[in-house]
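**Q** Submitted below is the structure of interest, expressed as structure tokens.
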Amino acid sequence: MGRSYTDIPLFKDVKPEEWGDWHWQLRNRLTTTADFDQVMNLDDAQRADLDACMGKFRVSVTPYYASLIDPDDPHDPVRMQAVPTPAELVIHAEDIKDAVSEDFDSPTPRITHRYPDRVLFVVTEMCSMYCRHCTRRRLVGGTEDIVAREQIDNAIKYIERATEVRDVLISGGDPLVLGDDQLEDIIARVRAIDHVEIIRIGSRVPVVCPQRITPELVAMLKKYQPIYFNTHFNHPHEFTPESKLACDRLNDAGIPMGNQTVLMRGINDCANIMKKLSHRLLEYRVKPYYYYQCDLAEGTAHFRTSVAKGIEIYESLRGHTTGFGVPTYIIDAIGGGGKTPVYPNYVISQAPGKIILRNYEGVISKYTEPDDYVDGDCSCEGCEADKQRLGVAKLFDTAEPTLQDVWAARMQKVVDRKNRMADVVGPAQG
């Protein structure tokens, strides 16, 4: 999809070696109405709308991604993700600045520690392109300065002291806007922590600036395996020879790739589009991992769909494409509750010894369960430690724990997590 960049007035004199250089792509991002006017065919009303949007949320689009825009279609799915409209100036009552409470779960700047065994490490507030649906728009693009070294140091100290952390997600912003040396310094320090087993990188550059995935970058990343790479294709129009090359380089280096799509009205809220997206991802050797209900971030209400639409899409994929090509439909719970999978109701009824199921075609079947199986019967070292840590061993000794017991156990778990975070963050900032 897209035009040759030489057919676009703004880029007609650009040399191929410049176009293929990610540094050039970042230096020449589109940031003004005048820039967009040379890429799209705007009328006076559209220019006025763009002028009105500038300054509210950061606007920046790589020349590469801009070349994928249909210049005559205001509803082009690439354009809708990249170019602001007055709809995002409307803040609805349900909108939340920190939509998934990442700041609430931040024990030290740049770290979100929500789940027991993993942390989010935000190493930059800059992106190569600022997506109009971004859930971190309160943070990203506010400044494109280098993150203070002290904050990076304190974040790494936190990870060193949080010995339960085995998985670190390096994100931003987009961490790949950093130079290879800057990025390697961070990755090497995280990899040197004994209890960190895997490192993940979250980046949209294979989609919006694939020139960044250079042989040199890939060779550097390969030194710190195991590394996993999550990216963010939202529509089939984003697949190009350049994005294919970027994904091939990562995959060929033994860096597994996953994709996290945001479900958006007018862009991909269609079973056929999502199926095509999943199929193309598999061709690119990218696992369709999640598709998210659009968060309640400020100025994104016009992108949101119903939850029913998300479930409908899931069921249209389940059984109609290969099982590992069906991404999990996720709602990131308000208030920091974490990612909650949302599925169609395949369980019709359940009773001791049997369960009545419905498959993706509506066929009903009965499954008979073993009558000698005892739930919660495991006594391995990990399960015993969990029982003692949570103080809920009684739940495993009682056939029918009360709702109050379950709720108390849950609350104790939350308190324990907060206390552990407080114990760790003290030394990290001292």
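Letters A, B, ... go to the chains of the structure tokens in the order shown; residues in each chain start at 1; ligands are counted from 1 in the same order.
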Neighbours of A:Asp7 within 10 Å (only C-alpha atoms; same-chain residues fewer than 6 positions away dropped), as a tab-separated table (two decimals) with C-alpha atoms, in the first residue's frame?

**A**
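selection.tsv, written as the output of this step:
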chain	number	residue	atom	x	y	z
A	13	ASP	CA	13.99	15.49	-3.86
A	39	VAL	CA	1.28	15.04	1.77
A	67	SER	CA	3.63	7.93	2.55

**Q** Check which residues of stretch 228-284 of chain A sit at most 10 Å from stretch 163-186 of chain A using only C-alpha atoms, and return one row each with the closest pair of atoms and their distance in Å to one decimal, ordered by chain and rising number, as JSON lines.

**A**
{"residue": "A:Tyr228", "atom": "CA", "partner": "A:Leu169", "partner_atom": "CA", "distance": 9.1}
{"residue": "A:Phe229", "atom": "CA", "partner": "A:Leu169", "partner_atom": "CA", "distance": 9.4}
{"residue": "A:Asn230", "atom": "CA", "partner": "A:Leu169", "partner_atom": "CA", "distance": 9.5}

**Q** Do you have, as JSON lines, the list of residues of stretch 147-261 of chain A lying at most 8 Å from stretch 92-114 of chain A, each with its nearest atom pair and that distance in Å to one decimal, counting only C-alpha atoms and ordered by chain then number?

**A**
{"residue": "A:Gln151", "atom": "CA", "partner": "A:Pro109", "partner_atom": "CA", "distance": 6.3}
{"residue": "A:Ile152", "atom": "CA", "partner": "A:Arg110", "partner_atom": "CA", "distance": 7.3}
{"residue": "A:Asn154", "atom": "CA", "partner": "A:Thr108", "partner_atom": "CA", "distance": 7.4}
{"residue": "A:Ala155", "atom": "CA", "partner": "A:Ile111", "partner_atom": "CA", "distance": 6.1}
{"residue": "A:Tyr158", "atom": "CA", "partner": "A:Thr108", "partner_atom": "CA", "distance": 7.5}

**Q** Would you save the residues of that selection, restricted to N, CA and C atoms, as an mmCIF file, in the first residue's frame?

**A**
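part_16.cif written:
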data_model
loop_
_atom_site.group_PDB
_atom_site.id
_atom_site.type_symbol
_atom_site.label_atom_id
_atom_site.label_comp_id
_atom_site.auth_asym_id
_atom_site.auth_seq_id
_atom_site.Cartn_x
_atom_site.Cartn_y
_atom_site.Cartn_z
ATOM 1 N N GLN A 151 17.261 8.982 36.918
ATOM 2 C CA GLN A 151 16.019 8.207 36.902
ATOM 3 C C GLN A 151 16.244 6.806 36.346
ATOM 4 N N ILE A 152 17.042 6.687 35.301
ATOM 5 C CA ILE A 152 17.364 5.373 34.762
ATOM 6 C C ILE A 152 18.104 4.545 35.806
ATOM 7 N N ASN A 154 18.039 4.826 39.117
ATOM 8 C CA ASN A 154 17.157 4.434 40.214
ATOM 9 C C ASN A 154 16.197 3.333 39.788
ATOM 10 N N ALA A 155 15.736 3.390 38.534
ATOM 11 C CA ALA A 155 14.841 2.350 38.044
ATOM 12 C C ALA A 155 15.558 0.995 38.018
ATOM 13 N N TYR A 158 15.918 -0.369 41.432
ATOM 14 C CA TYR A 158 14.667 -0.984 41.895
ATOM 15 C C TYR A 158 14.568 -2.422 41.395
#

**Q** With only C-alpha atoms as the basis for distance, which of A:Arg161, A:Lys339, A:Lys275, A:Arg29 is at the shortest distance from A:Asp295?

**A**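 The shortest atom-to-atom distance to A:Asp295 comes from A:Lys339.
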
**Q** Apply DSSP to the backbone of this structure and, from stretch 110-281 of chain A, keep only the residues in strand (DSSP E); write these as a ChimeraX atom specification.

**A** /A:111-112,118-122,167-171,198-202,227-231,257-263

**Q** Rank A:Lys15, A:His237, A:Arg189, A:His232 by their smallest atom-to-atom distance to A:Tyr291, using only C-alpha atoms, and report the top residue only.

**A**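 Looking at the shortest contact to A:Tyr291, the residue is A:His232.
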
**Q** Within 8 Å of stretch 208-224 of chain A, counting only C-alpha atoms, which residues show up once you throw out same-chain ones fewer than 2 positions away? Write them as a ChimeraX atom specification, please.

**A** /A:20-22,25,62,64-65,128-129,176,180,184,187-188,191,204-206,226-227,242-243,245-246,249-250,253-255
